[in-house]
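Note sheet for the following structure.
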Amino acid sequence: MESVSGEKGVKELLEEGTPIEYLEGDGDNTLIARLKSNLNLTMKKRFDRNHVVKNIGKRLYMLHGEKGVKLSKNVIVHIQKCLKYVFAKNQSDDTGMKENLRAIIPHQFGDHSLCQPRFCGYKRKPGSLYSHRSLPYKAPLKDNNLRSRLESIFQPIISNAEQYSDLGSSQQCEHANREVHYSAHTKAGLSPGVHTIRYAEKCAKSRKRSSDLSQLPSTKRRRLILKQERATTQGAQEALEGVSYQSGIGHEQDIDIEKIPDAVPRGDFKLVTYIQHDKPTLVMVDLETTDLIRGSIIPHITQISAVDYDSGDTFDQYVVPKMPITTTAQQVTGIVICGSNLTVNGSPVQSLPIKETLERFLFHREKARNIRSLDVLISSSVCKAATAKNIAGSGLNLSRLQRIYSRDGEDGLQNTFTVKNSEGQPRVTSSKRVLETVIPKLADFLKKRE
Ligand SMILES: [Zn+2]
């Protein structure tokens, strides 16, 4: 609290006739001194619980930052939690407060001689194995040097234990602040009318709901877990990036900001199993790319070439990449982006986007697999080569056509040829002229083969 506004507040309260006994705060003595000298008032001081825990935390984090001291953030959070717990459970109990404060640090080091069963699982079940749930490896701390440093931080609190057995909490102030905040702002011209009352009721309801929820043990547990997760992420970030993200770090010299790069993906390679019972064909595929794989950056494809070892059928297509081609890759492959097209060793070539290229490649593979069984349709002049290629590319061969015909006749063929694939294109063709000439002839041909 600012001492000037604090003094003003006290003065106003006294003028109204409100008696003041205690002053609650963070142990800041300026206001007390001000009241003494300006208003000739002697006030009793009362610590705010959150401020005490925070101040201890500050000293622990300073210790954490020292070289050669191994005090992790998780342990600090745990010690603060213990302190809060001791404060909460020993209000108006001077001796209990003193004893418990004294036991906090030795307990973390596995020394339970000062512990009380009320707070110590080891004392509650003597003889059984006790694990420190919140400490690293669930084991007590070991460093004796650290223990004496921690004990010296706690010493002033222990010797002033009585001061803490009547702790205030600024939470009530916060509550009052909110009450004021949510009431109608009459000075701004709002009168407590139908709308403001209804709005205030709505706010009060949601406030009650969230405060009830925040008091549930499950919510408290979740809060602790989240806090720990934050500490872990921050720890990992610190390990990978140095301390560059900390606020105010720019004022310091010799900052460690070397960033350790992201993990290189391991790749997810799986065994391919053949769905069909046909003999597998061996296809060799060769890719040209914009660069080599560097860290987590996967380069783009600039050319796909493939050859089928059995039939000698080939596929070759240049692809327009969506990222620039490195100079080294340009020298190795001769492929250069020129506007929206590619040139190879200076001469322009036909190139396609990657999606279209892969569709063509798959179509080409299907076609190569099926086309030979359809040669008979061309030679019997049922259809022309272009239509046969379309039929083959759509994953149909002669035996499949035969099956469709035996199941559903001419209608089956018609429906199969015109049905839309996932790209919204007809499976074979939607041309009325082609369908009218090919389907009856095909049906005739298949009927004879049955
Ligand atoms: Zn203990």
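Each chain in the structure tokens gets a letter, A, B and so on, in the order shown; residues start at 1 in every chain, and ligands are counted from 1 in the order they appear.
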
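Counting only C-alpha atoms, stretch 119-121 of chain A has the following residues at most 12 Å away, ignoring those fewer than 5 positions along the same chain: Cys82, Leu83, Tyr85, Val86, Lys89, Asn90, Gly96, Met97, Glu99, Asn100, Leu101, Ala103, Ile104, Pro106, His107, Gln108, Gly110, Asp111, His112, Ser113, Leu114, Pro126, Gly127, Ser128, Leu129, Tyr130, Ser131, His132 and Arg133 of chain A.
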
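Every protein or nucleic acid residue with an atom no more than 12 Å from A:Glu7, counting only C-alpha atoms and leaving out same-chain residues fewer than 2 positions away, appears here: Met1, Glu2, Ser3, Val4, Ser5, Gly9, Val10, Lys11, Glu12, Leu13, Leu14, Leu23, Thr30, Leu31, Ile32, Ala33, Arg34, Leu35, Lys36, Ser37, Asn38, Leu39, Asn40, Leu41 and Met43 of chain A.
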
Residue set, stretch 54-140 of chain A restricted to helix (DSSP H, G or I), as a PyMOL selection string: chain A and resi 54-65+73-89+94-108+121-124+136-138

Next, the residues of the selection above should be written as a compact mmCIF listing (two decimals), in the first residue's frame with N, CA and C atoms.
# COMPACT_ATOMS: atom_id res chain seq x y z
N LYS A 54 5.23 -15.07 0.01
CA LYS A 54 5.88 -14.51 -1.17
C LYS A 54 7.31 -14.07 -0.86
N ASN A 55 7.48 -13.42 0.28
CA ASN A 55 8.82 -12.95 0.64
C ASN A 55 9.79 -14.09 0.83
N ILE A 56 9.32 -15.16 1.49
CA ILE A 56 10.17 -16.35 1.64
C ILE A 56 10.50 -16.90 0.26
N GLY A 57 9.49 -16.94 -0.62
CA GLY A 57 9.69 -17.42 -1.98
C GLY A 57 10.78 -16.64 -2.69
N LYS A 58 10.74 -15.31 -2.53
CA LYS A 58 11.76 -14.46 -3.16
C LYS A 58 13.15 -14.89 -2.73
N ARG A 59 13.32 -15.10 -1.43
CA ARG A 59 14.65 -15.47 -0.91
C ARG A 59 15.07 -16.85 -1.42
N LEU A 60 14.06 -17.77 -1.53
CA LEU A 60 14.38 -19.11 -2.03
C LEU A 60 14.80 -19.05 -3.50
N TYR A 61 14.12 -18.20 -4.29
CA TYR A 61 14.49 -18.10 -5.70
C TYR A 61 15.87 -17.45 -5.86
N MET A 62 16.21 -16.54 -4.93
CA MET A 62 17.55 -15.97 -4.98
C MET A 62 18.60 -17.05 -4.71
N LEU A 63 18.28 -17.92 -3.79
CA LEU A 63 19.18 -19.04 -3.47
C LEU A 63 19.29 -19.98 -4.68
N HIS A 64 18.12 -20.20 -5.34
CA HIS A 64 18.07 -21.05 -6.54
C HIS A 64 19.00 -20.52 -7.63
N GLY A 65 19.10 -19.18 -7.71
CA GLY A 65 19.92 -18.57 -8.75
C GLY A 65 21.41 -18.60 -8.45
N LYS A 73 12.95 -25.53 -8.79
CA LYS A 73 11.74 -24.73 -8.63
C LYS A 73 10.61 -25.54 -8.02
N ASN A 74 10.56 -26.84 -8.37
CA ASN A 74 9.52 -27.69 -7.79
C ASN A 74 9.65 -27.76 -6.28
N VAL A 75 10.89 -27.84 -5.79
CA VAL A 75 11.10 -27.91 -4.35
C VAL A 75 10.67 -26.59 -3.70
N ILE A 76 10.98 -25.47 -4.36
CA ILE A 76 10.58 -24.16 -3.82
C ILE A 76 9.06 -24.09 -3.70
N VAL A 77 8.37 -24.50 -4.76
CA VAL A 77 6.90 -24.49 -4.74
C VAL A 77 6.40 -25.35 -3.58
N HIS A 78 7.04 -26.50 -3.38
CA HIS A 78 6.63 -27.41 -2.31
C HIS A 78 6.86 -26.77 -0.93
N ILE A 79 8.01 -26.14 -0.74
CA ILE A 79 8.30 -25.52 0.56
C ILE A 79 7.29 -24.41 0.84
N GLN A 80 6.98 -23.62 -0.19
CA GLN A 80 5.98 -22.55 -0.02
C GLN A 80 4.62 -23.13 0.37
N LYS A 81 4.31 -24.26 -0.25
CA LYS A 81 3.03 -24.92 0.06
C LYS A 81 3.00 -25.35 1.52
N CYS A 82 4.11 -25.95 1.98
CA CYS A 82 4.20 -26.39 3.38
C CYS A 82 4.02 -25.20 4.32
N LEU A 83 4.67 -24.09 3.96
CA LEU A 83 4.62 -22.90 4.82
C LEU A 83 3.18 -22.40 4.92
N LYS A 84 2.50 -22.33 3.77
CA LYS A 84 1.10 -21.88 3.75
C LYS A 84 0.26 -22.77 4.65
N TYR A 85 0.53 -24.08 4.56
CA TYR A 85 -0.24 -25.06 5.31
C TYR A 85 -0.03 -24.85 6.82
N VAL A 86 1.23 -24.67 7.21
CA VAL A 86 1.54 -24.46 8.63
C VAL A 86 0.87 -23.20 9.13
N PHE A 87 0.92 -22.14 8.35
CA PHE A 87 0.27 -20.89 8.74
C PHE A 87 -1.24 -21.12 8.93
N ALA A 88 -1.83 -21.83 7.96
CA ALA A 88 -3.29 -21.99 7.99
C ALA A 88 -3.74 -22.83 9.18
N LYS A 89 -2.93 -23.83 9.54
CA LYS A 89 -3.38 -24.79 10.56
C LYS A 89 -3.01 -24.40 11.98
N ASP A 94 0.34 -20.28 19.35
CA ASP A 94 1.74 -19.81 19.30
C ASP A 94 2.74 -20.95 19.30
N THR A 95 2.59 -21.90 20.25
CA THR A 95 3.58 -22.97 20.38
C THR A 95 3.54 -23.89 19.16
N GLY A 96 2.32 -24.24 18.74
CA GLY A 96 2.17 -25.11 17.58
C GLY A 96 2.84 -24.48 16.37
N MET A 97 2.62 -23.19 16.19
CA MET A 97 3.21 -22.47 15.06
C MET A 97 4.72 -22.57 15.09
N LYS A 98 5.31 -22.32 16.26
CA LYS A 98 6.77 -22.32 16.38
C LYS A 98 7.33 -23.72 16.07
N GLU A 99 6.72 -24.74 16.67
CA GLU A 99 7.22 -26.11 16.49
C GLU A 99 7.13 -26.54 15.03
N ASN A 100 5.99 -26.23 14.42
CA ASN A 100 5.81 -26.66 13.04
C ASN A 100 6.71 -25.93 12.06
N LEU A 101 6.90 -24.63 12.31
CA LEU A 101 7.80 -23.87 11.43
C LEU A 101 9.20 -24.44 11.52
N ARG A 102 9.60 -24.84 12.75
CA ARG A 102 10.93 -25.38 12.97
C ARG A 102 11.12 -26.71 12.24
N ALA A 103 10.00 -27.46 12.07
CA ALA A 103 10.10 -28.81 11.51
C ALA A 103 10.12 -28.82 9.98
N ILE A 104 9.69 -27.73 9.36
CA ILE A 104 9.50 -27.77 7.89
C ILE A 104 10.76 -28.21 7.15
N ILE A 105 11.87 -27.51 7.40
CA ILE A 105 13.09 -27.80 6.63
C ILE A 105 13.71 -29.16 6.98
N PRO A 106 13.90 -29.48 8.29
CA PRO A 106 14.45 -30.81 8.59
C PRO A 106 13.63 -31.95 7.99
N HIS A 107 12.29 -31.76 7.95
CA HIS A 107 11.43 -32.80 7.39
C HIS A 107 11.80 -33.09 5.93
N GLN A 108 12.10 -32.04 5.16
CA GLN A 108 12.45 -32.24 3.74
C GLN A 108 13.75 -33.02 3.60
N GLY A 121 3.70 -37.59 7.53
CA GLY A 121 3.29 -38.95 7.23
C GLY A 121 4.22 -39.98 7.84
N TYR A 122 5.50 -39.62 7.98
CA TYR A 122 6.48 -40.52 8.57
C TYR A 122 6.14 -40.78 10.04
N LYS A 123 5.73 -39.70 10.75
CA LYS A 123 5.40 -39.82 12.17
C LYS A 123 4.08 -40.56 12.36
N ARG A 124 3.18 -40.43 11.37
CA ARG A 124 1.87 -41.08 11.50
C ARG A 124 1.99 -42.59 11.41
N PRO A 136 11.82 -34.34 -5.61
CA PRO A 136 12.35 -35.09 -6.75
C PRO A 136 12.67 -36.53 -6.35
N TYR A 137 12.33 -37.46 -7.22
CA TYR A 137 12.55 -38.90 -7.00
C TYR A 137 11.83 -39.40 -5.75
N LYS A 138 10.89 -38.60 -5.19
CA LYS A 138 10.15 -38.97 -3.98
C LYS A 138 11.08 -39.29 -2.81

Excluding A:Asp308 and residues on its chain fewer than 2 positions from it, collect all residues at most 8 Å away from it, counting only C-alpha atoms, and give them as a PDB file with N, CA and C atoms, in the first residue's frame.
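See selection13.pdb below for the written result:
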ATOM      1  N   THR A 281       4.279 -55.813 -57.660  1.00  0.00           N
ATOM      2  CA  THR A 281       5.193 -55.336 -58.701  1.00  0.00           C
ATOM      3  C   THR A 281       6.230 -54.430 -58.053  1.00  0.00           C
ATOM      4  N   LEU A 282       7.410 -54.457 -58.619  1.00  0.00           N
ATOM      5  CA  LEU A 282       8.489 -53.634 -58.075  1.00  0.00           C
ATOM      6  C   LEU A 282       8.569 -52.328 -58.856  1.00  0.00           C
ATOM      7  N   VAL A 283       8.398 -51.207 -58.145  1.00  0.00           N
ATOM      8  CA  VAL A 283       8.476 -49.895 -58.783  1.00  0.00           C
ATOM      9  C   VAL A 283       9.573 -49.087 -58.105  1.00  0.00           C
ATOM     10  N   MET A 284      10.500 -48.577 -58.915  1.00  0.00           N
ATOM     11  CA  MET A 284      11.567 -47.751 -58.366  1.00  0.00           C
ATOM     12  C   MET A 284      11.166 -46.286 -58.517  1.00  0.00           C
ATOM     13  N   ALA A 306       9.468 -42.540 -61.910  1.00  0.00           N
ATOM     14  CA  ALA A 306       9.276 -43.909 -61.464  1.00  0.00           C
ATOM     15  C   ALA A 306       9.364 -44.852 -62.648  1.00  0.00           C
ATOM     16  N   ASP A 310       8.655 -54.675 -64.056  1.00  0.00           N
ATOM     17  CA  ASP A 310       8.092 -55.777 -64.830  1.00  0.00           C
ATOM     18  C   ASP A 310       7.716 -55.341 -66.237  1.00  0.00           C
ATOM     19  N   SER A 311       6.969 -54.224 -66.311  1.00  0.00           N
ATOM     20  CA  SER A 311       6.456 -53.817 -67.621  1.00  0.00           C
ATOM     21  C   SER A 311       7.358 -52.803 -68.315  1.00  0.00           C
ATOM     22  N   GLY A 312       8.287 -52.190 -67.550  1.00  0.00           N
ATOM     23  CA  GLY A 312       9.128 -51.160 -68.131  1.00  0.00           C
ATOM     24  C   GLY A 312       8.387 -49.832 -68.264  1.00  0.00           C
ATOM     25  N   ASP A 313       7.155 -49.778 -67.729  1.00  0.00           N
ATOM     26  CA  ASP A 313       6.339 -48.560 -67.784  1.00  0.00           C
ATOM     27  C   ASP A 313       6.987 -47.470 -66.924  1.00  0.00           C
ATOM     28  N   THR A 314       7.007 -46.224 -67.429  1.00  0.00           N
ATOM     29  CA  THR A 314       7.666 -45.159 -66.669  1.00  0.00           C
ATOM     30  C   THR A 314       6.720 -44.009 -66.373  1.00  0.00           C
TER      31      THR A 314
END

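Minimum distance to ligand 1 across A:Pro440, A:Pro217, A:Pro140, A:Pro324 (counting only C-alpha atoms and all ligand atoms) occurs at A:Pro140.
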
Residues within 9 Å of stretch 289-293 of chain A, only C-alpha atoms, excluding chain neighbours under 6 positions, as a VMD selection string: chain A and resid 299 to 303 321 323 to 330 333 335

Using N, CA and C atoms, can you write the selected residues to a file as a tab-separated table (two decimals), in the first residue's frame?
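Here's the written file out_21.tsv:
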chain	number	residue	atom	x	y	z
A	299	PRO	N	12.12	-30.78	-47.02
A	299	PRO	CA	12.10	-30.08	-48.31
A	299	PRO	C	10.90	-30.49	-49.16
A	300	HIS	N	10.62	-29.72	-50.21
A	300	HIS	CA	9.52	-30.06	-51.13
A	300	HIS	C	10.05	-30.80	-52.34
A	301	ILE	N	9.14	-31.57	-52.97
A	301	ILE	CA	9.50	-32.36	-54.15
A	301	ILE	C	9.50	-31.45	-55.38
A	302	THR	N	10.53	-31.61	-56.25
A	302	THR	CA	10.52	-30.85	-57.50
A	302	THR	C	10.37	-31.76	-58.72
A	303	GLN	N	10.60	-33.08	-58.52
A	303	GLN	CA	10.41	-34.02	-59.63
A	303	GLN	C	10.15	-35.42	-59.10
A	321	PRO	N	7.42	-26.51	-56.46
A	321	PRO	CA	7.48	-26.55	-54.99
A	321	PRO	C	6.92	-25.27	-54.40
A	323	MET	N	8.28	-23.93	-51.70
A	323	MET	CA	9.39	-23.24	-51.03
A	323	MET	C	10.54	-23.08	-52.02
A	324	PRO	N	11.43	-22.10	-51.80
A	324	PRO	CA	12.51	-21.87	-52.76
A	324	PRO	C	13.48	-23.06	-52.84
A	325	ILE	N	14.12	-23.20	-54.01
A	325	ILE	CA	15.11	-24.26	-54.21
A	325	ILE	C	16.48	-23.71	-53.84
A	326	THR	N	17.22	-24.43	-53.00
A	326	THR	CA	18.53	-23.92	-52.59
A	326	THR	C	19.50	-23.95	-53.77
A	327	THR	N	20.52	-23.12	-53.70
A	327	THR	CA	21.49	-23.01	-54.79
A	327	THR	C	22.17	-24.36	-55.06
A	328	THR	N	22.51	-25.07	-53.98
A	328	THR	CA	23.15	-26.38	-54.14
A	328	THR	C	22.23	-27.34	-54.88
A	329	ALA	N	20.95	-27.35	-54.49
A	329	ALA	CA	19.99	-28.25	-55.15
A	329	ALA	C	19.83	-27.85	-56.61
A	330	GLN	N	19.85	-26.54	-56.91
A	330	GLN	CA	19.75	-26.08	-58.30
A	330	GLN	C	20.92	-26.59	-59.12
A	333	THR	N	20.45	-30.61	-59.49
A	333	THR	CA	19.33	-31.11	-60.31
A	333	THR	C	19.15	-30.31	-61.60
A	335	ILE	N	17.23	-27.92	-61.79
A	335	ILE	CA	15.85	-27.43	-61.76
A	335	ILE	C	15.81	-26.06	-61.09
